[in-house]
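Here is the structure we will look at, set down as structure tokens.
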2 protein chains.
Amino acid sequence: MVPIVGIVGGRNAGKTTLLEKLIPELKRRGYRVGTIKHDVHGVDIDHEGKDSWRHTQAGADTVLVSGPTTTAMVQQVAAPPSLERLAQRYLNDVDLILTEGYKTSPYPKIEVFRRGASERLLSDPSTLLAVASDTELEVGNVPCYDLNDAAGLVDLLEKRFLAGDRAAVHLLIDERRVELTPFVQRVMANTLRGLVQSLQGVDEPERLEVIIHRWP
Amino acid sequence: MVPIVGIVGGRNAGKTTLLEKLIPELKRRGYRVGTIKHDVHGVDIDHEGKDSWRHTQAGADTVLVSGPTTTAMVQQVAAPPSLERLAQRYLNDVDLILTEGYKTSPYPKIEVFRRGASERLLSDPSTLLAVASDTELEVGNVPCYDLNDAAGLVDLLEKRFLAGDRAAVHLLIDERRVELTPFVQRVMANTLRGLVQSLQGVDEPERLEVIIHRWP
């Protein structure tokens with residue numbers, strides 16, 4: 001199961017802004033990141049008049065659009081799936097899932113707090129992993145970070161949820177992650193490193209991706 | 001595997017317009033419909049400035065938005081997944097998949113033909129299921145329908161791909177379809193019919209959906 005961490009906070013506390021700092025920092029460190037945004041008011045995606053929009057309007061239960069670098073989906077549901085369901089079905093190929101707006105979920109949370117925007121913390125302290133605030137707060141044992149300290153918060157996420165994953169070997173078969181033992185990871189990594197280092201102009205690759213989407 | 005039928009045709013032949021006629025007709029007959037649109041130029045979905053758009057811009061590999069009646073996903077891919085992959089991963093809970101724009105796929109196709117818009121049919125005759133045209137065409141054994149004859153085309157789709165599925169019992173557990181034998185389908189259907197007919201005001205339901213998303 002991919003770890004899930006919630007970004008919570010009052011309205012306009014700056015949840016999306018914090019995500020915009022955490023995601024690039026996680027990507028910089030080589031992780032694959034998924035996000036889930038809870039939108040109680042309804043999903044405003046897709047453009048009126050586009051073919052995908054027309055398919056949905058005509059009554060299609062699920063519409064996919066497949067482009068060169070993006071796959072998009074719009075699916076009608078009878079009830080919003082649980083976080084677990086969404087994670088399992090759509091996010092099994094990422095290292096970490098950050099959610100926005102699921103403030104009563106049982107997952108660990110980072111609460112965004114800004115003077116003026118919030119009166120007090122709204123999270124159940126038992127699920128509070130950290131606070132990201134523009135003001136120093138005393139919250140028992142819960143660490144408090146500066147709102148802009150993405151590196152510090154990602155250090156914490158890494159230590160708590162991603163230890164050992166860094167620089168690991170991920171194998172996706174038909175877009176599903178296959179778990180590999182450390183031994184198999186080493187064998188695969190060493191084999192591929194040996195192969196690519198025999199190529200002209202390749203020295204010591206830092207990150208390697210092999211994607212086979214049609215067998216030659 | 002859910003059956004896949006392609007809607008093909010030249011530019012501006014009216015593929016989306018035909019889909020807008022077929023989808024409601026299929027829905028009217030009680031089927032669940034998925035569509036896949038191939039967009040070689042890139043996927044234009046999501047709105048600049050929205051939270052989901054900001055997550056993607058920040059570098060998230062997959063962004064989900066979960067609303068009361070819709071789940072949306074925007075996923076970055078290294079290469080466009082195959083139709084099979086897309087169908088398997090995202091469309092295993094529909095009865096029929098209609099594609100738009102995969103003209104070289106091996107799946108059966110309905111080609112849309114309009115005088116003026118096209119010079120000649122572009123499909124490989126071996127995968128051509130039917131032609132939907134504004135003019136009478138002779139295409140060997142391939143049946144030719146009027147462009148507006150959604151009922152006729154859906155009769156054909158039903159006969160070829162959906163026979164027996166109509167009025168069947170579908171069971172989705174955690175959003176995955178579980179195949180049921182005709183016997184189990186009958187037991188479930190009769191049990192539920194018995195139950196709901198004991199409810200006040202319910203007579204003979206035509207379509208029944210039971211969704212349990214939290215156990216009471």
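The way I read the labels, and the way they are meant: chains A, B, ... in the order of the structure tokens, residue 1 as the first residue of every chain, and ligand 1 as the first ligand shown, with later ones counted on from there.
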With 8 Å as the limit and counting only C-alpha atoms, what residues in chain B lie close to chain A? Please list them as JSON, numbers by chain. {"B": [16, 19, 20, 21, 23, 24, 27, 32, 33, 34, 35, 36, 37, 38, 39, 40, 41, 42, 43, 44, 45, 46, 47, 51, 52, 54, 55, 58, 59, 60, 61, 62, 63, 64, 65, 66, 67, 68, 69, 70, 71, 72, 73, 74, 75, 76, 77, 78, 79, 80, 81, 85, 91, 94, 174, 211, 213]}
Could you go through range 37-198 of chain B and tell me which residues DSSP, when run on the backbone, assigns to alpha helix (DSSP H), listing them as a compact mmCIF listing (two decimals) with C-alpha atoms, in the first residue's frame?
```txt
# COMPACT_ATOMS: atom_id res chain seq x y z
CA ASP B 51 -6.22 23.09 -7.72
CA SER B 52 -5.94 19.93 -9.82
CA TRP B 53 -4.20 21.89 -12.57
CA ARG B 54 -1.83 23.36 -10.00
CA HIS B 55 -0.98 19.86 -8.70
CA THR B 56 -0.14 18.73 -12.22
CA GLN B 57 1.89 21.85 -12.93
CA ALA B 58 3.83 21.29 -9.71
CA LEU B 83 -6.07 0.29 -25.88
CA GLU B 84 -5.94 -3.05 -24.05
CA ARG B 85 -4.08 -1.49 -21.16
CA LEU B 86 -6.53 1.41 -20.89
CA ALA B 87 -9.52 -0.91 -21.14
CA GLN B 88 -8.16 -3.28 -18.54
CA ARG B 89 -7.13 -0.64 -16.05
CA TYR B 90 -9.92 1.90 -16.29
CA ALA B 150 -28.62 4.97 -33.85
CA ALA B 151 -31.26 2.33 -33.07
CA GLY B 152 -30.18 0.21 -36.05
CA LEU B 153 -26.50 0.49 -35.19
CA VAL B 154 -27.13 -0.33 -31.53
CA ASP B 155 -29.24 -3.34 -32.60
CA LEU B 156 -26.15 -4.52 -34.46
CA LEU B 157 -23.81 -3.83 -31.51
CA PRO B 182 -26.24 -17.50 -14.81
CA PHE B 183 -27.35 -19.49 -11.78
CA VAL B 184 -25.83 -17.05 -9.29
CA GLN B 185 -27.24 -14.16 -11.33
CA ARG B 186 -30.72 -15.65 -11.01
CA VAL B 187 -30.34 -16.25 -7.28
CA MET B 188 -29.17 -12.67 -6.68
CA ALA B 189 -31.81 -11.13 -8.93
CA ASN B 190 -34.66 -13.11 -7.42
CA THR B 191 -33.51 -12.45 -3.87
CA LEU B 192 -33.28 -8.71 -4.46
CA ARG B 193 -36.54 -8.58 -6.35
CA GLY B 194 -38.22 -10.35 -3.45
CA LEU B 195 -36.71 -7.87 -1.02
CA VAL B 196 -37.60 -4.69 -2.84
CA GLN B 197 -41.09 -5.85 -3.72
```
Quick one: residues within 9 Å of range 122-125 of chain A, only C-alpha atoms, excluding same-chain residues fewer than 4 positions away - as a ChimeraX atom specification? /A:8-10,103-104,109-111,118,129,139-140,142
Let's have the selection written as a tab-separated table (two decimals), in the first residue's frame, with C-alpha atoms.
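Everything below was put into out-v5.tsv:
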```tsv
chain	number	residue	atom	x	y	z
A	8	VAL	CA	-5.38	19.85	5.71
A	9	GLY	CA	-6.26	23.31	6.90
A	10	GLY	CA	-9.05	25.85	6.89
A	103	LYS	CA	-9.70	16.42	6.94
A	104	THR	CA	-11.42	13.58	8.78
A	109	LYS	CA	-1.72	14.87	8.26
A	110	ILE	CA	0.20	18.04	7.79
A	111	GLU	CA	-1.95	20.96	8.86
A	118	SER	CA	-7.42	30.07	10.94
A	129	LEU	CA	2.19	14.50	11.71
A	139	VAL	CA	1.45	21.52	19.64
A	140	GLY	CA	2.68	18.96	22.14
A	142	VAL	CA	4.05	17.58	16.90
```
Return as number ranges by chain the full set of residues in chain B whose backbone-based DSSP assignment is strand (DSSP E or B). B: 4-8, 33-38, 62-66, 70-76, 96-100, 109-113, 115, 118, 128-133, 144-146, 171-173, 176-178
Expressed in Å to a single decimal, how great is the separation between CA of Asn141 in chain A and CA of Val5 in chain A?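 We find that CA of Asn141 in chain A and CA of Val5 in chain A lie 18.1 Å from each other.
Note that CA of Pro3 in chain B and CA of Thr127 in chain B are 13.8 Å apart.
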When you count only C-alpha atoms, which of these residues is closest to Gly30 in chain A: A:Val131, A:Ile173, A:Leu18, A:Glu158?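 For Gly30 in chain A, the nearest of the given residues is A:Glu158.
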Can you work out the spacing between CA of Leu147 in chain A and CA of Asp134 in chain A in Å, to one decimal?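 Separating CA of Leu147 in chain A from CA of Asp134 in chain A is a distance of 5.6 Å.
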